[in-house]
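Peer 1: Coordinates in data.pdb, PDB, C-alpha atoms, are listed below.
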ATOM      1  CA  MET A   2       0.000   0.000   0.000
ATOM      2  CA  SER A   3       1.593   3.284  -1.151
ATOM      3  CA  ASN A   4      -0.038   5.336   1.614
ATOM      4  CA  PRO A   5       0.789   3.710   4.975
ATOM      5  CA  VAL A   6      -1.528   6.038   6.938
ATOM      6  CA  CYS A   7      -4.470   5.019   4.727
ATOM      7  CA  ARG A   8      -3.442   1.382   5.099
ATOM      8  CA  TYR A   9      -3.393   1.633   8.879
ATOM      9  CA  TYR A  10      -6.507   3.655   9.571
ATOM     10  CA  HIS A  11      -8.898   3.136   6.692
ATOM     11  CA  ILE A  12      -8.032  -0.074   4.880
ATOM     12  CA  SER A  13      -7.847  -1.981   8.172
ATOM     13  CA  ARG A  14     -11.329  -0.728   9.084
ATOM     14  CA  LYS A  15     -12.753  -1.638   5.690
ATOM     15  CA  GLU A  16     -11.242  -5.114   5.870
ATOM     16  CA  ARG A  17     -12.844  -5.649   9.276
ATOM     17  CA  ILE A  18     -16.245  -4.502   8.002
ATOM     18  CA  HIS A  19     -16.000  -6.739   4.908
ATOM     19  CA  GLU A  20     -15.163  -9.684   7.144
ATOM     20  CA  LEU A  21     -18.152  -9.043   9.402
ATOM     21  CA  CYS A  22     -20.618  -8.493   6.546
ATOM     22  CA  ASN A  23     -19.545 -11.691   4.788
ATOM     23  CA  ALA A  24     -19.873 -13.684   8.010
ATOM     24  CA  ILE A  25     -23.366 -12.296   8.623
ATOM     25  CA  LEU A  26     -24.609 -12.961   5.104
ATOM     26  CA  ALA A  27     -23.209 -16.483   5.082
ATOM     27  CA  HIS A  28     -26.000 -17.422   7.518
ATOM     28  CA  HIS A  29     -28.768 -16.116   5.246
ATOM     29  CA  ALA A  30     -30.098 -18.507   2.623
ATOM     30  CA  GLY A  31     -31.980 -17.538  -0.536
ATOM     31  CA  SER A  32     -32.591 -14.021  -1.823
ATOM     32  CA  ARG A  33     -30.830 -11.398   0.279
ATOM     33  CA  ILE A  34     -30.920  -7.605   0.243
ATOM     34  CA  ALA A  35     -28.217  -5.383   1.714
ATOM     35  CA  ALA A  36     -28.153  -1.599   2.090
ATOM     36  CA  ASP A  37     -25.202   0.736   2.531
ATOM     37  CA  ILE A  38     -26.438   3.984   4.066
ATOM     38  CA  GLY A  39     -24.244   7.011   3.421
ATOM     39  CA  CYS A  40     -22.253   4.909   0.966
ATOM     40  CA  GLY A  41     -20.208   7.806  -0.415
ATOM     41  CA  THR A  42     -18.407   6.755  -3.579
ATOM     42  CA  GLY A  43     -19.346   3.109  -3.073
ATOM     43  CA  ALA A  44     -16.370   1.553  -1.309
ATOM     44  CA  TYR A  45     -18.430  -1.414  -0.066
ATOM     45  CA  LEU A  46     -20.981  -1.821  -2.874
ATOM     46  CA  ALA A  47     -18.953  -4.051  -5.192
ATOM     47  CA  ALA A  48     -18.027  -6.542  -2.477
ATOM     48  CA  LEU A  49     -21.589  -6.668  -1.143
ATOM     49  CA  SER A  50     -22.968  -7.287  -4.634
ATOM     50  CA  THR A  51     -21.005 -10.550  -4.856
ATOM     51  CA  VAL A  52     -22.821 -12.119  -1.895
ATOM     52  CA  VAL A  53     -26.389 -10.761  -2.080
ATOM     53  CA  SER A  54     -29.210 -10.593  -4.610
ATOM     54  CA  ARG A  55     -29.533  -6.799  -4.423
ATOM     55  CA  VAL A  56     -27.591  -3.925  -2.894
ATOM     56  CA  ILE A  57     -29.165  -0.540  -2.160
ATOM     57  CA  GLY A  58     -26.751   2.369  -1.907
ATOM     58  CA  VAL A  59     -28.037   5.579  -0.325
ATOM     59  CA  GLU A  60     -25.975   8.762  -0.586
ATOM     60  CA  ILE A  61     -27.112  12.382  -0.186
ATOM     61  CA  ALA A  62     -24.346  13.903  -2.330
ATOM     62  CA  ARG A  63     -25.221  13.520  -6.004
ATOM     63  CA  SER A  64     -21.595  13.829  -7.101
ATOM     64  CA  LYS A  65     -20.570  10.908  -4.871
ATOM     65  CA  ALA A  66     -23.578   8.865  -5.965
ATOM     66  CA  ARG A  67     -22.555   9.321  -9.609
ATOM     67  CA  VAL A  68     -19.033   8.137  -8.803
ATOM     68  CA  ALA A  69     -20.462   5.102  -7.009
ATOM     69  CA  MET A  70     -22.553   4.124 -10.022
ATOM     70  CA  ARG A  71     -19.563   4.434 -12.360
ATOM     71  CA  ARG A  72     -17.468   2.476  -9.907
ATOM     72  CA  VAL A  73     -19.991  -0.364  -9.624
ATOM     73  CA  PRO A  74     -21.839  -0.733 -12.953
ATOM     74  CA  ASN A  75     -23.678  -3.767 -11.636
ATOM     75  CA  GLU A  76     -27.339  -4.625 -12.226
ATOM     76  CA  LYS A  77     -27.548  -5.854  -8.644
ATOM     77  CA  VAL A  78     -26.788  -2.369  -7.313
ATOM     78  CA  VAL A  79     -29.548   0.236  -6.930
ATOM     79  CA  MET A  80     -28.252   3.730  -6.183
ATOM     80  CA  ILE A  81     -30.568   6.210  -4.445
ATOM     81  CA  VAL A  82     -29.840   9.876  -3.778
ATOM     82  CA  GLY A  83     -31.321  10.480  -0.355
ATOM     83  CA  SER A  84     -30.713  11.370   3.275
ATOM     84  CA  ALA A  85     -29.679   8.966   6.017
ATOM     85  CA  THR A  86     -32.171  10.725   8.297
ATOM     86  CA  GLU A  87     -35.084   9.879   5.973
ATOM     87  CA  ILE A  88     -33.998   6.772   4.089
ATOM     88  CA  PRO A  89     -36.188   6.243   0.996
ATOM     89  CA  VAL A  90     -36.470   2.478   1.586
ATOM     90  CA  ALA A  91     -39.494   0.602   2.912
ATOM     91  CA  SER A  92     -39.483  -0.663   6.495
ATOM     92  CA  ALA A  93     -38.237  -4.204   7.190
ATOM     93  CA  THR A  94     -36.652  -4.553   3.734
ATOM     94  CA  CYS A  95     -33.024  -5.500   4.340
ATOM     95  CA  ASP A  96     -31.197  -8.591   5.574
ATOM     96  CA  LEU A  97     -28.135  -6.453   6.282
ATOM     97  CA  VAL A  98     -27.793  -2.705   6.787
ATOM     98  CA  LEU A  99     -24.355  -1.091   6.791
ATOM     99  CA  CYS A 100     -23.821   2.454   8.050
ATOM    100  CA  SER A 101     -20.119   3.267   8.131
ATOM    101  CA  GLU A 102     -18.681   6.631   9.220
ATOM    102  CA  VAL A 103     -21.994   8.483   9.019
ATOM    103  CA  ILE A 104     -23.532   9.130  12.448
ATOM    104  CA  GLU A 105     -20.639  11.288  13.655
ATOM    105  CA  HIS A 106     -21.326  13.799  10.865
ATOM    106  CA  LEU A 107     -24.822  14.727  12.088
ATOM    107  CA  PRO A 108     -25.907  16.778  15.116
ATOM    108  CA  ASP A 109     -28.627  14.198  15.886
ATOM    109  CA  PRO A 110     -27.207  10.688  15.328
ATOM    110  CA  ASP A 111     -30.345   9.040  16.722
ATOM    111  CA  GLN A 112     -32.245  10.038  13.574
ATOM    112  CA  VAL A 113     -29.891   7.940  11.466
ATOM    113  CA  LEU A 114     -29.813   5.022  13.903
ATOM    114  CA  ALA A 115     -33.616   4.939  14.002
ATOM    115  CA  GLU A 116     -33.757   4.828  10.210
ATOM    116  CA  VAL A 117     -31.207   2.033   9.765
ATOM    117  CA  VAL A 118     -33.078  -0.046  12.347
ATOM    118  CA  ARG A 119     -36.394   0.686  10.623
ATOM    119  CA  ILE A 120     -35.322  -0.645   7.221
ATOM    120  CA  ALA A 121     -33.790  -3.824   8.676
ATOM    121  CA  LYS A 122     -35.924  -6.945   8.809
ATOM    122  CA  PRO A 123     -36.727  -8.204  12.333
ATOM    123  CA  GLY A 124     -33.907 -10.500  13.383
ATOM    124  CA  SER A 125     -31.522  -9.137  10.749
ATOM    125  CA  SER A 126     -28.179  -7.441  11.310
ATOM    126  CA  ILE A 127     -27.036  -3.831  11.276
ATOM    127  CA  VAL A 128     -23.337  -2.904  11.132
ATOM    128  CA  VAL A 129     -22.420   0.588  12.346
ATOM    129  CA  SER A 130     -18.924   2.043  12.453
ATOM    130  CA  THR A 131     -17.900   5.405  13.844
ATOM    131  CA  PRO A 132     -14.907   7.128  15.499
ATOM    132  CA  VAL A 133     -14.787   6.488  19.243
ATOM    133  CA  ARG A 134     -13.541   8.661  22.083
ATOM    134  CA  TYR A 135      -9.802   8.460  22.578
ATOM    135  CA  ASP A 136      -8.840  11.152  25.038
ATOM    136  CA  PRO A 137      -7.177  11.416  28.468
ATOM    137  CA  VAL A 138     -10.462  10.957  30.342
ATOM    138  CA  THR A 139     -11.253   7.775  28.423
ATOM    139  CA  TRP A 140      -7.710   6.498  28.924
ATOM    140  CA  LEU A 141      -7.771   7.139  32.687
ATOM    141  CA  ARG A 142     -11.144   5.454  33.112
ATOM    142  CA  ALA A 143      -9.983   2.465  31.070
ATOM    143  CA  ILE A 144      -6.860   2.041  33.187
ATOM    144  CA  VAL A 145      -9.017   1.614  36.305
ATOM    145  CA  GLY A 146     -11.446  -0.665  34.460
ATOM    146  CA  ARG A 147     -14.336   1.764  33.992
ATOM    147  CA  ARG A 148     -15.966   2.263  30.576
ATOM    148  CA  ASN A 149     -16.674   5.821  29.521
ATOM    149  CA  SER A 150     -20.451   6.379  29.411
ATOM    150  CA  PHE A 151     -20.567   9.784  27.750
ATOM    151  CA  SER A 152     -19.891  10.644  24.132
ATOM    152  CA  ARG A 153     -18.125  13.880  23.226
ATOM    153  CA  SER A 154     -20.293  16.250  21.178
ATOM    154  CA  LEU A 155     -19.198  19.403  19.374
ATOM    155  CA  ARG A 156     -21.326  22.487  18.677
ATOM    156  CA  THR A 157     -19.717  22.888  15.266
ATOM    157  CA  PRO A 158     -18.027  20.159  13.220
ATOM    158  CA  ASP A 159     -14.269  19.784  13.484
ATOM    159  CA  VAL A 160     -11.764  19.583  10.626
ATOM    160  CA  HIS A 161     -13.000  16.052   9.836
ATOM    161  CA  GLY A 162     -16.645  17.148   9.714
ATOM    162  CA  HIS A 163     -17.399  15.337  12.971
ATOM    163  CA  TYR A 164     -19.958  16.494  15.516
ATOM    164  CA  TRP A 165     -19.398  13.407  17.669
ATOM    165  CA  TYR A 166     -16.758  11.116  19.133
ATOM    166  CA  PHE A 167     -18.708   8.321  20.737
ATOM    167  CA  ALA A 168     -18.300   6.325  23.896
ATOM    168  CA  PRO A 169     -19.029   2.741  22.749
ATOM    169  CA  SER A 170     -21.355   2.123  25.696
ATOM    170  CA  ASP A 171     -23.377   5.192  24.664
ATOM    171  CA  VAL A 172     -23.828   3.826  21.119
ATOM    172  CA  GLU A 173     -24.910   0.484  22.609
ATOM    173  CA  ARG A 174     -27.464   2.295  24.770
ATOM    174  CA  ARG A 175     -28.820   4.317  21.838
ATOM    175  CA  LEU A 176     -29.226   1.211  19.683
ATOM    176  CA  GLY A 177     -30.853  -0.702  22.523
ATOM    177  CA  ALA A 178     -33.442   2.042  22.924
ATOM    178  CA  LEU A 179     -34.299   1.514  19.245
ATOM    179  CA  SER A 180     -34.833  -2.258  19.671
ATOM    180  CA  ALA A 181     -31.450  -3.256  18.275
ATOM    181  CA  ASP A 182     -29.140  -5.307  20.492
ATOM    182  CA  VAL A 183     -25.356  -5.174  20.063
ATOM    183  CA  VAL A 184     -24.087  -8.736  19.573
ATOM    184  CA  SER A 185     -20.432  -7.868  18.962
ATOM    185  CA  PHE A 186     -18.175  -4.845  19.179
ATOM    186  CA  SER A 187     -14.580  -4.264  18.128
ATOM    187  CA  VAL A 188     -12.238  -1.315  17.641
ATOM    188  CA  VAL A 189      -9.968  -0.939  14.594
ATOM    189  CA  PRO A 190      -7.158  -0.007  14.714
ATOM    190  CA  ARG A 191      -6.420  -0.351  18.410
ATOM    191  CA  ILE A 192      -3.295   1.791  18.708
ATOM    192  CA  HIS A 193      -4.112   5.438  18.125
ATOM    193  CA  PHE A 194      -2.604   8.628  19.561
ATOM    194  CA  ARG A 195      -1.670  12.159  18.567
ATOM    195  CA  GLY A 196       1.409  12.119  16.351
ATOM    196  CA  LEU A 197       1.049   8.482  15.270
ATOM    197  CA  THR A 198       0.178   9.429  11.686
ATOM    198  CA  ARG A 199       3.515  11.261  11.403
ATOM    199  CA  LEU A 200       5.399   8.184  12.610
ATOM    200  CA  VAL A 201       3.559   5.954  10.133
ATOM    201  CA  ARG A 202       3.911   8.418   7.242
ATOM    202  CA  ASN A 203       7.672   8.705   7.833
ATOM    203  CA  LYS A 204       7.922   4.898   8.010
ATOM    204  CA  LEU A 205       9.309   4.949  11.542
ATOM    205  CA  VAL A 206       6.773   2.267  12.401
ATOM    206  CA  SER A 207       4.854   0.011  10.019
ATOM    207  CA  PRO A 208       1.065  -0.487   9.848
ATOM    208  CA  GLU A 209       1.581  -4.243   9.992
ATOM    209  CA  PHE A 210       3.522  -4.004  13.259
ATOM    210  CA  LEU A 211       0.908  -1.731  14.826
ATOM    211  CA  LEU A 212      -1.997  -3.963  13.721
ATOM    212  CA  THR A 213      -0.237  -7.075  15.055
ATOM    213  CA  LEU A 214       0.474  -5.353  18.371
ATOM    214  CA  GLY A 215      -3.108  -4.108  18.557
ATOM    215  CA  ARG A 216      -4.496  -7.640  18.226
ATOM    216  CA  ARG A 217      -2.642  -8.556  21.423
ATOM    217  CA  LEU A 218      -4.383  -5.871  23.471
ATOM    218  CA  PRO A 219      -7.493  -6.643  25.568
ATOM    219  CA  GLN A 220     -10.560  -6.922  23.341
ATOM    220  CA  ARG A 221     -13.220  -6.627  26.051
ATOM    221  CA  GLY A 222     -14.142  -4.257  28.851
ATOM    222  CA  ALA A 223     -12.905  -0.709  29.284
ATOM    223  CA  LEU A 224      -9.536  -1.301  27.599
ATOM    224  CA  GLY A 225     -11.345  -2.875  24.653
ATOM    225  CA  ASP A 226     -13.016   0.491  23.972
ATOM    226  CA  LEU A 227      -9.711   2.167  23.122
ATOM    227  CA  GLY A 228      -8.791   2.801  19.501
ATOM    228  CA  ALA A 229      -9.810   4.774  16.429
ATOM    229  CA  PHE A 230     -13.052   3.332  14.984
ATOM    230  CA  GLY A 231     -15.723   1.334  16.765
ATOM    231  CA  VAL A 232     -17.523  -1.352  14.738
ATOM    232  CA  PHE A 233     -20.865  -2.500  16.155
ATOM    233  CA  VAL A 234     -22.792  -5.538  14.936
ATOM    234  CA  THR A 235     -26.388  -5.347  16.099
ATOM    235  CA  ARG A 236     -29.522  -7.402  15.599
ATOM    236  CA  ARG A 237     -32.985  -5.917  15.296
ATOM    237  CA  ARG A 238     -35.405  -7.462  17.748
ATOM    238  CA  HIS A 239     -38.380  -9.414  16.423
TER     239      HIS A 239
END
Have the structure of the file written as structure tokens, please.

Peer 2:
Amino acid sequence: MSNPVCRYYHISRKERIHELCNAILAHHAGSRIAADIGCGTGAYLAALSTVVSRVIGVEIARSKARVAMRRVPNEKVVMIVGSATEIPVASATCDLVLCSEVIEHLPDPDQVLAEVVRIAKPGSSIVVSTPVRYDPVTWLRAIVGRRNSFSRSLRTPDVHGHYWYFAPSDVERRLGALSADVVSFSVVPRIHFRGLTRLVRNKLVSPEFLLTLGRRLPQRGALGDLGAFGVFVTRRRH
């Protein structure tokens, strides 16, 4: 990978999400429908189209939606220009709903979470990924074995366009209130701190070494919450 920072932060997250989606869909027989909400330029659409009967991509930016359609000229893929807060898909339609790096960009993330749960069939899976809190308070609480319960919200979006950095337990609570139970949670990549991108970019440390080291860290409890991106696999209640 020519860009080691991209390899470490973004490709590792995408690989984890692909792995989870494939594992989920392997348990569904017959015709299957997947949706990628806030799909951007379609990074996940092609892979999803190989394992389902139909993929619905929803993206509010027309320019990105056009790129996605050119990127995945597949008859299985239906591209819709629409908002994640009012998804133009019927309720209880999808066997899998993916919503990656979306909820942190909106002042009210519960609107999006409610919509992704709505379009999922009862008993089906929803995969949500989002940046998680990684600050001194979270670190100190993790060291003494206490999960952070409060997400960090911003009045105006930061340089990344984020209004939110979530405490994983807060996302679990929000989903639970919407009748979606978290069945698994992981953080990718695990090692993340200010200045790390400079070390990786200057090849003072390799992505492969950091990912290997991260897999040896605790995966559960308060220490398991530490990292860059949280990936939640949830199941809509019947």

Peer 1: Compile the contact shell of Gly196 (chain A) as an MDAnalysis selection string: residues with an atom at most 12 Å away, counting only C-alpha atoms, same-chain residues fewer than 5 positions apart removed.

Peer 2: chainID A and resid 6 201:203 205:206

Peer 1: Using only C-alpha atoms for the distances, tell me which of A:Ala85, A:Leu200, A:Ala223, A:Val53 is nearest to Arg147 (chain A).

Peer 2: A:Ala223

Peer 1: Written as a CSV table (one decimal) with C-alpha atoms, keeping the file's coordinate frame, what is the full residue list that the PyMOL selection byres ((chain A and resi 87-93) around 9) yields on the file shown?

Peer 2:
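What follows is the written file part_11.csv:
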chain,number,residue,atom,x,y,z
A,38,ILE,CA,-26.4,4.0,4.1
A,57,ILE,CA,-29.2,-0.5,-2.2
A,59,VAL,CA,-28.0,5.6,-0.3
A,81,ILE,CA,-30.6,6.2,-4.4
A,82,VAL,CA,-29.8,9.9,-3.8
A,83,GLY,CA,-31.3,10.5,-0.4
A,84,SER,CA,-30.7,11.4,3.3
A,85,ALA,CA,-29.7,9.0,6.0
A,86,THR,CA,-32.2,10.7,8.3
A,94,THR,CA,-36.7,-4.6,3.7
A,95,CYS,CA,-33.0,-5.5,4.3
A,96,ASP,CA,-31.2,-8.6,5.6
A,112,GLN,CA,-32.2,10.0,13.6
A,113,VAL,CA,-29.9,7.9,11.5
A,116,GLU,CA,-33.8,4.8,10.2
A,117,VAL,CA,-31.2,2.0,9.8
A,118,VAL,CA,-33.1,0.0,12.3
A,119,ARG,CA,-36.4,0.7,10.6
A,120,ILE,CA,-35.3,-0.6,7.2
A,121,ALA,CA,-33.8,-3.8,8.7
A,122,LYS,CA,-35.9,-6.9,8.8
A,123,PRO,CA,-36.7,-8.2,12.3

Peer 1: Using CA of Val160 (chain A) and CA of Ile18 (chain A) as the two end points, give the distance in Å to one decimal.

Peer 2: 24.6 Å

Peer 1: Find the residue from A:Asp37, A:Glu102, A:Asp226, A:Glu16 that sits nearest to Ser187 (chain A); use only C-alpha atoms when measuring.

Peer 2: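 Closest residue, counting only C-alpha atoms: A:Asp226.
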
Peer 1: Given the point (-33.0, 11.2, 16.6) in the file's coordinates, find the residues that have an atom at most 6 Å from it, counting only C-alpha atoms, and give them as an NGL selection string.

Peer 2: :A and (109-112)

Peer 1: I need the output of the PyMOL selection byres ((chain A and resi 167-175) around 7) for this file as a list in words; which residues are they?

Peer 2: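 Selected by the PyMOL selection byres ((chain A and resi 167-175) around 7) in this file: Pro132, Val133, Arg134, Asn149, Ser150, Phe151, Ser152, Arg153, Trp165, Tyr166, Leu176, Gly177, Ala178, Leu179, Val183, Asp226 and Gly231 of chain A.
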
Peer 1: For each of A:Val68, A:Ile25, A:Val98, A:Val189, take the minimum atom-to-atom distance to Gln220 (chain A), counting only C-alpha atoms, then give the residue where this is smallest.

Peer 2: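 Smallest separation from Gln220 (chain A) among the options: A:Val189.
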
Peer 1: Smallest atom-to-atom distance to Ala47 (chain A): which of A:Arg221, A:Lys65, A:His29, A:His19, using all atoms listed in the file?

Peer 2: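 Closest to Ala47 (chain A), using all atoms listed in the file: A:His19.
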
Peer 1: Do you have the CA of Tyr164 (chain A)-CA of Glu20 (chain A) distance handy?

Peer 2: 27.9 Å

Peer 1: Here's the selection I'm unsure about, the PyMOL selection byres ((chain A and resi 56) around 6); applied to the file above, which residues does it give, as a PyMOL selection string?

Peer 2: chain A and resi 34-36+50+55+57+78

Peer 1: For Arg67 (chain A), list every protein, DNA or RNA residue within 12 Å, evaluated using all atoms listed in the file, and leave out those in the same chain fewer than 3 positions away; present the list as a ChimeraX atom specification.

Peer 2: /A:40-43,58-64,70-74,79-82

Peer 1: Interatomic distance between CA of Leu224 (chain A) and CA of Arg148 (chain A)?

Peer 2: 7.9 Å

Peer 1: With distances taken over all atoms listed in the file, which of A:Ile127, A:Leu155, A:His163, A:Ser207 is nearest to Arg238 (chain A)?

Peer 2: A:Ile127

Peer 1: For each of A:His106, A:Arg8, A:Arg17, A:His239, take the minimum atom-to-atom distance to Thr157 (chain A), counting all atoms listed in the file, then give the residue where this is smallest.

Peer 2: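 The shortest atom-to-atom distance to Thr157 (chain A) comes from A:His106.
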
Peer 1: Padding 3 Å on each side, edges along x, y and z: where is the centre of the box around the listed atoms of region 188-194 of chain A, and how long are its edges in Å to one decimal? Output it as AutoDock Vina command-line options.

Peer 2:
--center_x -7.4 --center_y 3.7 --center_z 17.1 --size_x 15.6 --size_y 15.9 --size_z 11.0
